[in-house]
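File shown: target_26.pdb (PDB, C-alpha atoms).
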ATOM      1  CA  TYR Y 290      18.751  19.458   3.027
ATOM      2  CA  ASP Y 291      17.909  21.094  -0.268
ATOM      3  CA  TYR Y 292      15.083  19.129  -1.860
ATOM      4  CA  TYR Y 293      15.267  21.228  -5.000
ATOM      5  CA  LYS Y 294      18.710  20.062  -6.073
ATOM      6  CA  TYR Y 295      19.812  16.651  -7.364
ATOM      7  CA  HIS Y 296      21.701  14.460  -4.907
ATOM      8  CA  PRO Y 297      23.453  11.078  -4.810
ATOM      9  CA  MET Y 298      21.481  10.593  -1.538
ATOM     10  CA  ASP Y 299      24.178   8.838   0.431
ATOM     11  CA  GLU Y 300      22.974  10.023   3.857
ATOM     12  CA  TRP Y 301      19.396  11.156   3.264
ATOM     13  CA  MET Y 302      17.627   7.924   4.239
ATOM     14  CA  ALA Y 303      19.484   7.685   7.534
ATOM     15  CA  GLN Y 304      18.601  11.306   8.247
ATOM     16  CA  MET Y 305      14.897  10.545   7.767
ATOM     17  CA  VAL Y 306      15.103   7.804  10.399
ATOM     18  CA  MET Y 307      16.900  10.162  12.791
ATOM     19  CA  ASP Y 308      14.328  12.923  12.257
ATOM     20  CA  TYR Y 309      11.236  10.669  12.447
ATOM     21  CA  PRO Y 310      12.238   7.595  14.466
ATOM     22  CA  ASP Y 311       8.667   6.771  15.516
ATOM     23  CA  VAL Y 312       7.358   6.336  11.980
ATOM     24  CA  VAL Y 313      10.345   5.657   9.688
ATOM     25  CA  THR Y 314      12.589   2.615   9.417
ATOM     26  CA  ILE Y 315      15.053   1.478   6.761
ATOM     27  CA  VAL Y 316      14.461  -1.956   5.251
ATOM     28  CA  ASP Y 317      17.262  -3.584   3.247
ATOM     29  CA  TYR Y 318      15.792  -5.989   0.710
ATOM     30  CA  GLY Y 319      18.439  -6.793  -1.879
ATOM     31  CA  GLN Y 320      21.828  -6.165  -3.432
ATOM     32  CA  THR Y 321      22.772  -4.725  -6.801
ATOM     33  CA  TYR Y 322      25.208  -6.377  -9.176
ATOM     34  CA  GLU Y 323      27.988  -4.200  -7.722
ATOM     35  CA  LYS Y 324      26.978  -5.287  -4.191
ATOM     36  CA  ARG Y 325      25.333  -2.058  -3.111
ATOM     37  CA  THR Y 326      22.442  -2.519  -0.693
ATOM     38  CA  ILE Y 327      18.955  -1.866  -2.047
ATOM     39  CA  SER Y 328      16.937  -0.186   0.693
ATOM     40  CA  LEU Y 329      13.546   1.375   1.186
ATOM     41  CA  LEU Y 330      11.937   3.588   3.775
ATOM     42  CA  LYS Y 331       9.017   2.006   5.589
ATOM     43  CA  ILE Y 332       6.761   4.805   6.782
ATOM     44  CA  GLY Y 333       3.716   4.287   8.954
ATOM     45  CA  LEU Y 334       2.101   4.602  12.364
ATOM     46  CA  GLU Y 335       1.876   1.698  14.746
ATOM     47  CA  SER Y 336      -1.316  -0.328  14.544
ATOM     48  CA  GLU Y 337      -2.566  -3.480  16.193
ATOM     49  CA  LYS Y 338      -4.358  -4.443  12.982
ATOM     50  CA  ARG Y 339      -2.739  -5.946   9.927
ATOM     51  CA  LYS Y 340      -1.973  -3.024   7.658
ATOM     52  CA  LYS Y 341      -2.249  -2.528   3.939
ATOM     53  CA  ALA Y 342       0.592  -0.919   2.006
ATOM     54  CA  ILE Y 343       1.569   1.459  -0.778
ATOM     55  CA  TRP Y 344       4.626   0.790  -2.937
ATOM     56  CA  MET Y 345       6.616   3.532  -4.644
ATOM     57  CA  ASP Y 346       9.950   3.195  -6.406
ATOM     58  CA  CYS Y 347      12.079   5.773  -8.161
ATOM     59  CA  GLY Y 348      15.290   5.632 -10.145
ATOM     60  CA  ILE Y 349      14.842   2.319 -11.951
ATOM     61  CA  HIS Y 350      16.434   4.157 -14.899
ATOM     62  CA  ALA Y 351      19.658   5.846 -13.901
ATOM     63  CA  ARG Y 352      19.474   9.019 -15.987
ATOM     64  CA  GLU Y 353      15.988  10.011 -14.810
ATOM     65  CA  TRP Y 354      17.251  12.138 -11.938
ATOM     66  CA  ILE Y 355      13.938  13.886 -11.349
ATOM     67  CA  ALA Y 356      12.445  10.562 -10.201
ATOM     68  CA  PRO Y 357      14.614  10.116  -7.062
ATOM     69  CA  ALA Y 358      14.110  13.815  -6.359
ATOM     70  CA  PHE Y 359      10.371  13.184  -6.355
ATOM     71  CA  CYS Y 360      10.622  10.214  -3.995
ATOM     72  CA  GLN Y 361      12.501  12.429  -1.540
ATOM     73  CA  TYR Y 362       9.898  15.156  -1.903
ATOM     74  CA  PHE Y 363       7.029  12.701  -1.415
ATOM     75  CA  VAL Y 364       8.570  11.355   1.782
ATOM     76  CA  LYS Y 365       9.212  14.867   3.085
ATOM     77  CA  GLN Y 366       5.621  15.932   2.420
ATOM     78  CA  ILE Y 367       3.878  13.067   4.172
ATOM     79  CA  LEU Y 368       6.255  13.203   7.146
ATOM     80  CA  GLN Y 369       5.857  16.946   7.582
ATOM     81  CA  SER Y 370       2.086  16.831   7.297
ATOM     82  CA  TYR Y 371       0.811  13.721   9.083
ATOM     83  CA  LYS Y 372       0.651  15.391  12.522
ATOM     84  CA  THR Y 373      -1.560  18.197  11.233
ATOM     85  CA  ASP Y 374      -3.333  16.567   8.294
ATOM     86  CA  THR Y 375      -5.888  14.092   9.619
ATOM     87  CA  LYS Y 376      -6.236  12.371   6.244
ATOM     88  CA  ILE Y 377      -2.502  11.646   5.967
ATOM     89  CA  GLU Y 378      -2.485  10.486   9.588
ATOM     90  CA  THR Y 379      -5.386   8.114   8.945
ATOM     91  CA  MET Y 380      -3.700   6.673   5.867
ATOM     92  CA  MET Y 381      -0.432   6.204   7.750
ATOM     93  CA  ARG Y 382      -2.348   4.370  10.467
ATOM     94  CA  ASN Y 383      -4.086   2.068   8.001
ATOM     95  CA  MET Y 384      -1.219   1.617   5.529
ATOM     96  CA  ASP Y 385       2.547   1.460   5.432
ATOM     97  CA  PHE Y 386       4.358   3.330   2.683
ATOM     98  CA  TYR Y 387       7.279   1.449   1.128
ATOM     99  CA  VAL Y 388       9.403   4.006  -0.735
ATOM    100  CA  THR Y 389      12.580   3.061  -2.624
ATOM    101  CA  PRO Y 390      14.289   6.369  -3.536
ATOM    102  CA  VAL Y 391      16.764   4.762  -5.959
ATOM    103  CA  LEU Y 392      16.251   1.204  -7.167
ATOM    104  CA  ASN Y 393      19.012   1.139  -9.783
ATOM    105  CA  ILE Y 394      21.744   2.370  -7.468
ATOM    106  CA  ASP Y 395      24.678   1.146  -9.582
ATOM    107  CA  GLY Y 396      23.413   2.878 -12.680
ATOM    108  CA  TYR Y 397      22.448   6.020 -10.782
ATOM    109  CA  MET Y 398      25.894   6.389  -9.223
ATOM    110  CA  TYR Y 399      27.473   5.713 -12.617
ATOM    111  CA  SER Y 400      25.395   8.526 -14.125
ATOM    112  CA  TRP Y 401      26.966  10.905 -11.600
ATOM    113  CA  LYS Y 402      30.498   9.964 -12.680
ATOM    114  CA  ASP Y 403      30.997  12.544 -15.447
ATOM    115  CA  ASN Y 404      29.331  14.135 -18.472
ATOM    116  CA  MET Y 405      30.044  11.052 -20.581
ATOM    117  CA  THR Y 406      27.983   8.820 -18.283
ATOM    118  CA  ARG Y 407      25.205  11.283 -17.366
ATOM    119  CA  LEU Y 408      22.665   9.659 -19.719
ATOM    120  CA  TRP Y 409      23.318   6.067 -18.650
ATOM    121  CA  ARG Y 410      19.966   4.243 -18.346
ATOM    122  CA  LYS Y 411      20.460   0.594 -17.406
ATOM    123  CA  ASN Y 412      21.965  -1.249 -14.476
ATOM    124  CA  ARG Y 413      25.657  -2.231 -14.569
ATOM    125  CA  SER Y 414      25.662  -6.007 -14.928
ATOM    126  CA  PRO Y 415      27.776  -7.346 -17.810
ATOM    127  CA  GLY Y 416      26.083  -8.795 -20.852
ATOM    128  CA  PRO Y 417      26.426 -12.427 -21.969
ATOM    129  CA  SER Y 418      29.430 -11.703 -24.181
ATOM    130  CA  GLY Y 419      31.177  -9.618 -21.541
ATOM    131  CA  ASP Y 420      31.853  -6.736 -23.915
ATOM    132  CA  CYS Y 421      28.769  -4.658 -23.052
ATOM    133  CA  TYR Y 422      27.025  -3.630 -19.868
ATOM    134  CA  GLY Y 423      23.588  -3.139 -18.499
ATOM    135  CA  THR Y 424      20.032  -4.445 -18.615
ATOM    136  CA  ASP Y 425      16.947  -2.266 -18.830
ATOM    137  CA  LEU Y 426      15.384  -3.192 -15.501
ATOM    138  CA  ASN Y 427      11.953  -2.061 -16.649
ATOM    139  CA  ARG Y 428      12.035  -4.691 -19.411
ATOM    140  CA  ASN Y 429      13.311  -7.453 -17.109
ATOM    141  CA  PHE Y 430      10.189  -8.336 -15.114
ATOM    142  CA  ASP Y 431       8.191 -11.483 -15.775
ATOM    143  CA  ALA Y 432       5.297  -9.778 -17.561
ATOM    144  CA  ASN Y 433       5.150 -10.546 -21.284
ATOM    145  CA  TRP Y 434       8.933 -10.487 -21.176
ATOM    146  CA  GLY Y 435      10.882 -10.341 -24.414
ATOM    147  CA  ILE Y 436       8.219  -8.659 -26.564
ATOM    148  CA  GLY Y 437       8.939  -5.393 -28.367
ATOM    149  CA  ILE Y 438      12.414  -5.056 -26.877
ATOM    150  CA  SER Y 439      16.022  -5.845 -27.820
ATOM    151  CA  PHE Y 440      18.176  -8.880 -27.152
ATOM    152  CA  ASN Y 441      21.263  -6.862 -28.033
ATOM    153  CA  CYS Y 442      23.120  -6.007 -24.831
ATOM    154  CA  SER Y 443      24.294  -2.705 -26.320
ATOM    155  CA  SER Y 444      20.699  -1.521 -26.663
ATOM    156  CA  ASN Y 445      19.112   0.776 -24.089
ATOM    157  CA  ILE Y 446      16.104  -1.561 -24.009
ATOM    158  CA  TYR Y 447      18.028  -4.825 -23.651
ATOM    159  CA  CYS Y 448      15.703  -7.032 -21.594
ATOM    160  CA  GLY Y 449      18.297  -9.331 -20.035
ATOM    161  CA  SER Y 450      19.151 -12.965 -20.676
ATOM    162  CA  GLN Y 451      15.877 -14.178 -19.158
ATOM    163  CA  PRO Y 452      12.989 -12.832 -17.050
ATOM    164  CA  VAL Y 453      14.101 -11.478 -13.682
ATOM    165  CA  SER Y 454      17.743 -12.144 -14.468
ATOM    166  CA  GLU Y 455      18.859  -8.992 -12.662
ATOM    167  CA  PRO Y 456      19.355  -8.713  -8.886
ATOM    168  CA  GLU Y 457      17.434  -5.437  -8.709
ATOM    169  CA  ALA Y 458      14.376  -6.979 -10.391
ATOM    170  CA  GLN Y 459      14.752 -10.054  -8.184
ATOM    171  CA  ALA Y 460      14.708  -7.875  -5.062
ATOM    172  CA  VAL Y 461      11.463  -6.146  -6.055
ATOM    173  CA  THR Y 462       9.897  -9.434  -7.147
ATOM    174  CA  TYR Y 463      10.622 -11.060  -3.807
ATOM    175  CA  PHE Y 464       9.741  -8.138  -1.546
ATOM    176  CA  VAL Y 465       6.543  -7.121  -3.325
ATOM    177  CA  GLY Y 466       5.578 -10.669  -4.266
ATOM    178  CA  SER Y 467       5.711 -11.823  -0.660
ATOM    179  CA  ARG Y 468       3.397  -8.949   0.351
ATOM    180  CA  LYS Y 469       1.170  -8.763  -2.710
ATOM    181  CA  ASP Y 470      -2.038  -9.433  -0.773
ATOM    182  CA  ASP Y 471      -1.424  -6.346   1.359
ATOM    183  CA  ILE Y 472      -0.229  -3.893  -1.293
ATOM    184  CA  LEU Y 473      -3.044  -1.758  -2.673
ATOM    185  CA  CYS Y 474      -1.100   0.504  -4.957
ATOM    186  CA  PHE Y 475       2.142   0.171  -6.954
ATOM    187  CA  LEU Y 476       3.569   3.437  -8.267
ATOM    188  CA  THR Y 477       6.808   3.472 -10.269
ATOM    189  CA  ILE Y 478       8.236   6.893 -11.067
ATOM    190  CA  HIS Y 479      10.078   7.726 -14.297
ATOM    191  CA  SER Y 480      10.732  10.559 -16.725
ATOM    192  CA  TYR Y 481      10.088  12.030 -19.186
ATOM    193  CA  GLY Y 482       6.928  12.677 -21.216
ATOM    194  CA  GLN Y 483       4.258  13.818 -18.714
ATOM    195  CA  LEU Y 484       2.363  10.531 -18.810
ATOM    196  CA  LEU Y 485       0.328   8.321 -16.512
ATOM    197  CA  LEU Y 486       0.478   4.757 -17.831
ATOM    198  CA  VAL Y 487      -1.790   1.898 -16.822
ATOM    199  CA  PRO Y 488      -1.377  -1.845 -17.503
ATOM    200  CA  TYR Y 489      -0.728  -3.601 -19.774
ATOM    201  CA  GLY Y 490       2.180  -2.931 -22.121
ATOM    202  CA  HIS Y 491       1.122  -5.760 -24.446
ATOM    203  CA  PRO Y 492      -1.626  -4.730 -26.901
ATOM    204  CA  ASN Y 493      -3.436  -8.071 -26.601
ATOM    205  CA  PHE Y 494      -3.997  -7.851 -22.846
ATOM    206  CA  THR Y 495      -6.218  -5.525 -20.845
ATOM    207  CA  ALA Y 496      -6.263  -5.122 -17.070
ATOM    208  CA  PRO Y 497      -9.490  -6.461 -15.544
ATOM    209  CA  ASN Y 498     -10.097  -3.095 -13.874
ATOM    210  CA  TYR Y 499      -8.943  -1.043 -16.869
ATOM    211  CA  ASN Y 500     -11.941   1.310 -16.793
ATOM    212  CA  GLU Y 501     -11.429   2.073 -13.121
ATOM    213  CA  LEU Y 502      -7.688   2.570 -13.632
ATOM    214  CA  MET Y 503      -8.458   5.049 -16.395
ATOM    215  CA  GLU Y 504     -11.037   6.931 -14.326
ATOM    216  CA  VAL Y 505      -8.671   7.261 -11.380
ATOM    217  CA  GLY Y 506      -5.760   8.130 -13.675
ATOM    218  CA  LEU Y 507      -7.722  10.829 -15.480
ATOM    219  CA  ALA Y 508      -8.760  12.372 -12.174
ATOM    220  CA  ALA Y 509      -5.128  12.242 -11.036
ATOM    221  CA  ALA Y 510      -4.085  14.006 -14.252
ATOM    222  CA  THR Y 511      -6.633  16.708 -13.511
ATOM    223  CA  ALA Y 512      -5.189  17.079  -9.998
ATOM    224  CA  ILE Y 513      -1.745  17.440 -11.588
ATOM    225  CA  TRP Y 514      -2.992  20.035 -14.085
ATOM    226  CA  ASN Y 515      -4.594  22.079 -11.324
ATOM    227  CA  VAL Y 516      -1.209  22.700  -9.667
ATOM    228  CA  HIS Y 517       0.889  24.203 -12.485
ATOM    229  CA  LYS Y 518      -1.303  23.727 -15.576
ATOM    230  CA  LYS Y 519       0.783  20.866 -16.961
ATOM    231  CA  ASN Y 520      -1.008  18.321 -19.133
ATOM    232  CA  TYR Y 521      -0.376  14.628 -18.435
ATOM    233  CA  THR Y 522      -1.589  12.059 -20.971
ATOM    234  CA  VAL Y 523      -3.288   8.993 -19.477
ATOM    235  CA  GLY Y 524      -3.518   5.613 -21.158
ATOM    236  CA  ALA Y 525      -2.336   2.050 -21.505
ATOM    237  CA  SER Y 526       1.234   1.617 -22.708
ATOM    238  CA  PRO Y 527       0.468   0.380 -26.250
ATOM    239  CA  ASP Y 528      -1.569   3.554 -26.850
ATOM    240  CA  VAL Y 529       1.012   5.939 -25.436
ATOM    241  CA  LEU Y 530       4.457   4.453 -24.711
ATOM    242  CA  PRO Y 531       4.760   0.715 -25.497
ATOM    243  CA  ASN Y 532       6.775  -1.469 -23.150
ATOM    244  CA  CYS Y 533       6.625  -5.087 -22.008
ATOM    245  CA  GLY Y 534       8.418  -6.654 -19.071
ATOM    246  CA  SER Y 535       7.689  -3.645 -16.848
ATOM    247  CA  SER Y 536       7.403  -3.689 -13.085
ATOM    248  CA  ARG Y 537       3.980  -2.025 -13.392
ATOM    249  CA  ASP Y 538       2.578  -4.861 -15.509
ATOM    250  CA  TRP Y 539       4.162  -7.497 -13.287
ATOM    251  CA  ALA Y 540       2.622  -5.914 -10.177
ATOM    252  CA  ARG Y 541      -0.846  -5.888 -11.742
ATOM    253  CA  MET Y 542      -0.435  -9.547 -12.711
ATOM    254  CA  GLN Y 543       0.237 -10.287  -9.033
ATOM    255  CA  GLY Y 544      -3.213  -8.936  -8.173
ATOM    256  CA  ILE Y 545      -2.198  -5.492  -6.943
ATOM    257  CA  PRO Y 546      -5.209  -3.463  -8.087
ATOM    258  CA  TYR Y 547      -3.805   0.028  -8.714
ATOM    259  CA  THR Y 548      -0.558   0.057 -10.659
ATOM    260  CA  TYR Y 549       0.693   3.125 -12.502
ATOM    261  CA  THR Y 550       3.821   4.437 -14.174
ATOM    262  CA  PHE Y 551       4.410   8.169 -13.761
ATOM    263  CA  GLU Y 552       6.511   9.797 -16.485
ATOM    264  CA  LEU Y 553       7.355  13.203 -15.038
ATOM    265  CA  ARG Y 554       8.378  16.409 -16.825
ATOM    266  CA  ASP Y 555       9.082  17.467 -19.413
ATOM    267  CA  LYS Y 556       7.925  16.692 -22.967
ATOM    268  CA  GLY Y 557      11.399  16.701 -24.507
ATOM    269  CA  GLU Y 558      12.852  20.199 -24.267
ATOM    270  CA  PHE Y 559      15.333  19.161 -21.579
ATOM    271  CA  ALA Y 560      14.371  15.475 -21.515
ATOM    272  CA  PHE Y 561      16.446  13.562 -18.933
ATOM    273  CA  GLU Y 562      18.440  16.646 -17.957
ATOM    274  CA  LEU Y 563      15.594  18.578 -16.398
ATOM    275  CA  PRO Y 564      16.991  21.772 -14.821
ATOM    276  CA  GLU Y 565      16.987  22.039 -11.062
ATOM    277  CA  ASP Y 566      14.668  25.045 -11.177
ATOM    278  CA  GLN Y 567      11.938  22.645 -12.364
ATOM    279  CA  ILE Y 568      12.341  20.172  -9.516
ATOM    280  CA  GLN Y 569       9.950  21.959  -7.164
ATOM    281  CA  PRO Y 570       7.025  22.466  -9.568
ATOM    282  CA  THR Y 571       7.455  18.966 -10.990
ATOM    283  CA  CYS Y 572       7.346  17.425  -7.529
ATOM    284  CA  GLU Y 573       4.420  19.567  -6.408
ATOM    285  CA  GLU Y 574       2.215  18.535  -9.315
ATOM    286  CA  ALA Y 575       3.245  14.877  -9.240
ATOM    287  CA  TYR Y 576       2.594  14.743  -5.496
ATOM    288  CA  SER Y 577      -0.942  15.933  -6.107
ATOM    289  CA  GLY Y 578      -1.511  13.205  -8.702
ATOM    290  CA  ALA Y 579       0.072  10.441  -6.640
ATOM    291  CA  LEU Y 580      -1.830  11.460  -3.534
ATOM    292  CA  HIS Y 581      -5.095  11.302  -5.459
ATOM    293  CA  ILE Y 582      -4.438   7.697  -6.510
ATOM    294  CA  ILE Y 583      -3.271   6.668  -3.035
ATOM    295  CA  THR Y 584      -6.262   8.323  -1.367
ATOM    296  CA  TYR Y 585      -8.654   6.602  -3.768
ATOM    297  CA  ALA Y 586      -7.106   3.193  -3.067
ATOM    298  CA  HIS Y 587      -7.229   3.825   0.667
ATOM    299  CA  ASP Y 588     -10.796   5.086   0.760
ATOM    300  CA  LYS Y 589     -12.151   2.307  -1.400
ATOM    301  CA  THR Y 590     -10.491  -0.295   0.815
ATOM    302  CA  PHE Y 591     -11.341   1.179   4.190
ATOM    303  CA  SER Y 592     -14.733   2.741   3.527
ATOM    304  CA  GLY Y 593     -16.258  -0.650   2.701
ATOM    305  CA  ALA Y 594     -17.934   0.708  -0.416
ATOM    306  CA  ALA Y 595     -16.883   1.622  -3.915
ATOM    307  CA  VAL Y 596     -15.608   5.131  -4.353
ATOM    308  CA  THR Y 597     -17.098   6.943  -7.301
ATOM    309  CA  ALA Y 598     -15.813  10.412  -6.546
ATOM    310  CA  ALA Y 599     -12.977  10.219  -9.083
ATOM    311  CA  ALA Y 600     -15.247   9.356 -11.977
ATOM    312  CA  SER Y 601     -17.871  11.889 -10.918
ATOM    313  CA  PHE Y 602     -15.271  14.611 -10.524
ATOM    314  CA  TRP Y 603     -13.920  13.916 -13.988
ATOM    315  CA  SER Y 604     -17.410  13.944 -15.513
ATOM    316  CA  VAL Y 605     -18.151  17.335 -13.989
ATOM    317  CA  LEU Y 606     -14.913  18.798 -15.307
ATOM    318  CA  LEU Y 607     -15.478  17.301 -18.725
ATOM    319  CA  ALA Y 608     -18.964  18.774 -18.891
ATOM    320  CA  ALA Y 609     -17.614  22.148 -17.849
ATOM    321  CA  GLY Y 610     -15.045  22.090 -20.620
ATOM    322  CA  VAL Y 611     -12.084  22.118 -18.271
ATOM    323  CA  ALA Y 612     -10.637  18.751 -19.324
ATOM    324  CA  ARG Y 613      -6.996  18.997 -20.309
ATOM    325  CA  VAL Y 614      -6.097  15.393 -20.961
ATOM    326  CA  ASN Y 615      -6.213  13.826 -24.392
ATOM    327  CA  LEU Y 616      -5.958  10.088 -23.967
ATOM    328  CA  MET Y 617      -4.623   9.415 -27.429
ATOM    329  CA  SER Y 618      -2.200  12.323 -27.666
ATOM    330  CA  SER Y 619       1.512  11.624 -27.437
TER
END
Write out the structure in this file as C-alpha cells.
Amino acid sequence: YDYYKYHPMDEWMAQMVMDYPDVVTIVDYGQTYEKRTISLLKIGLESEKRKKAIWMDCGIHAREWIAPAFCQYFVKQILQSYKTDTKIETMMRNMDFYVTPVLNIDGYMYSWKDNMTRLWRKNRSPGPSGDCYGTDLNRNFDANWGIGISFNCSSNIYCGSQPVSEPEAQAVTYFVGSRKDDILCFLTIHSYGQLLLVPYGHPNFTAPNYNELMEVGLAAATAIWNVHKKNYTVGASPDVLPNCGSSRDWARMQGIPYTYTFELRDKGEFAFELPEDQIQPTCEEAYSGALHIITYAHDKTFSGAAVTAAASFWSVLLAAGVARVNLMSS
C-alpha cells in the first residue's frame, strides 16, 4: 500500500484489521445521507482497567485529501512502532485510539468523480429547497451554531437547517458524546493553512484551559517545525481562522480537555490540491505535532501530576531565539 498517494480507501481499513488483528477493530457508528457506513479504527492493547481514549477524524471536508492521507499515515506509524517503542506501547495500553479516516464519505467520493467535482467541500444532503446540495459539517455542530456562517445552501459554509441536522454530525455527536468522560484528546484534521486552532470559534468565549491549550499547541508547533522547518500558526479561531459550529468547539464544550484543529499544508500555493510529493513530509511533521499533544494528554492523566514540560520547552526555545511561531500571523 502506497501511503504517499491519495486513495479512495475502499479496502484499507479491512487490511489494517487483517494485518494487526490483536490491536485493531473496525467500529461502525453511523450512516451518511447516501447510506454509506461511517466507520473508525479502534486501536489499543487489551487492559483489565477502564481505558481513556484519543479521538482523531479526517476528511470532514471532502476536498482536503491530505487529511485522510494523514490519518492513514498516523495509523501506520503507531501500529508499526508499538512493539519496539515503549512509549507508544504504554499509551496503547492506557488509551484506545479512535481514528475515522474519512468522516464525510459521500463528499469525499464525490470529489473523486472528475475534475469538476474535485473541490467539493460539503456533504451531499439536499438543501431545504431541493435545488442545492451539501452542508458544511464543520459548521453543523451544536457549538455557537449559526454565527458567522451562511444560511444559503449554495454557500460552502452553509451550516444546515438546524444544529446537528446532518447524519455525519449526528454520528460523531452520539459516539463521542457517549464516551466524553473517557476521551482526553479530540483532534480533527483539515487543510490548508498550516495552523493549529484551539477553542473557541466565537470571539466572546474562551476555553477554561486556554493558556494550557496554547502552551501545548505552541510546543506542538515547534515539534512540527523541527521536522521540515514548516511554520504552523497557533491560536484561537477568531484570531486566526474564524468558525463557529465546529466539532472542535463542540468537543471542548463536552468537557474533553484537549481539542485541536490541524490545518495541514500548504499556505495557498497548491491549496486543496496538494501534490502527492508533499504527502510524506506533511504527514511526518503533522505526526510529530499530534504525537506531542497526545503524549502530553496521556502523561498528565497517568502521571498523577501536572506536566509542565511543554511550557518549559517552549520557554527555553523562545529564550534561545529559535521560536518560529507567530500567534497573530495569518
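Of the residues under consideration (Y:Tyr295, Y:Asn493, Y:Gly557, Y:Tyr309), Y:Tyr295 shows the shortest atom-to-atom contact distance to Trp401 in chain Y when counting all atoms listed in the file.
Pairwise distance (CA of Tyr585 in chain Y, CA of Ala458 in chain Y) equals 27.5 Å.
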Exercise. Taking the file as shown, find all residues satisfying the PyMOL selection byres ((chain Y and resi 504-512) around 7) and write them as a ChimeraX atom specification.
Key: /Y:485,500-503,513-516,521,523,577-578,581-582,599-600,603
Quiz prompt | Distance of CA of Thr584 in chain Y from CA of Val313 in chain Y, expressed in Å to one decimal place | solution =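 Separation between CA of Val313 in chain Y and CA of Thr584 in chain Y: 20.1 Å.
Considering all atoms listed in the file, the residue among Y:Ser443, Y:Ser535, Y:Thr321, Y:Ser336 positioned nearest to Pro417 in chain Y is Y:Ser443.
Evaluated against this file, the PyMOL selection byres ((chain Y and resi 419-427) around 7) yields Ile349, Lys411, Asn412, Arg413, Ser414, Pro415, Gly416, Pro417, Ser418, Arg428, Asn429, Phe430, Cys442, Ser443, Asn445, Ile446, Tyr447, Cys448, Gly449, Ala458, Gly534, Ser535 and Ser536 of chain Y.
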Output file for the residues above (C-alpha atoms, as a tab-separated table (two decimals), keeping the file's coordinate frame):
chain	number	residue	atom	x	y	z
Y	349	ILE	CA	14.84	2.32	-11.95
Y	411	LYS	CA	20.46	0.59	-17.41
Y	412	ASN	CA	21.96	-1.25	-14.48
Y	413	ARG	CA	25.66	-2.23	-14.57
Y	414	SER	CA	25.66	-6.01	-14.93
Y	415	PRO	CA	27.78	-7.35	-17.81
Y	416	GLY	CA	26.08	-8.80	-20.85
Y	417	PRO	CA	26.43	-12.43	-21.97
Y	418	SER	CA	29.43	-11.70	-24.18
Y	428	ARG	CA	12.04	-4.69	-19.41
Y	429	ASN	CA	13.31	-7.45	-17.11
Y	430	PHE	CA	10.19	-8.34	-15.11
Y	442	CYS	CA	23.12	-6.01	-24.83
Y	443	SER	CA	24.29	-2.70	-26.32
Y	445	ASN	CA	19.11	0.78	-24.09
Y	446	ILE	CA	16.10	-1.56	-24.01
Y	447	TYR	CA	18.03	-4.82	-23.65
Y	448	CYS	CA	15.70	-7.03	-21.59
Y	449	GLY	CA	18.30	-9.33	-20.04
Y	458	ALA	CA	14.38	-6.98	-10.39
Y	534	GLY	CA	8.42	-6.65	-19.07
Y	535	SER	CA	7.69	-3.64	-16.85
Y	536	SER	CA	7.40	-3.69	-13.08
Quiz item: On this structure, which residues satisfy the PyMOL selection byres ((chain Y and resi 340) around 7), written as a count of residues only?
Solution: 7
Practice problem: Could you tell me which of Y:Lys376, Y:His479, Y:Arg554, Y:His491 comes closest to Asn393 in chain Y if we count all atoms listed in the file? | Solution: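 Smallest distance to Asn393 in chain Y is found for Y:His479.
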Quiz item: For Ile355 in chain Y, which residue among Y:Arg537, Y:His296, Y:Lys324, Y:Lys556 is the nearest when counting only C-alpha atoms?
Solution: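 The answer is Y:His296, which sits nearest to Ile355 in chain Y.
Here CA of Met398 in chain Y is placed at a distance of 24.2 Å from CA of Ala575 in chain Y.
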Quiz item: Which neighbours of Thr550 in chain Y fall inside 12 Å, counting all atoms listed in the file, when residues of the same chain fewer than 2 positions from it are skipped, and could you give them as an NGL selection string?
Solution: :Y and (344-347 or 349 or 356 or 427 or 474-490 or 502 or 506 or 521-526 or 529-532 or 535-541 or 547-548 or 552-553 or 575 or 578-579 or 582)
Quiz prompt | Residue among Y:Gly437, Y:Gly348, Y:Pro390, Y:Pro546 lying closest to Lys365 in chain Y, counting all atoms listed in the file | solution = Y:Pro390
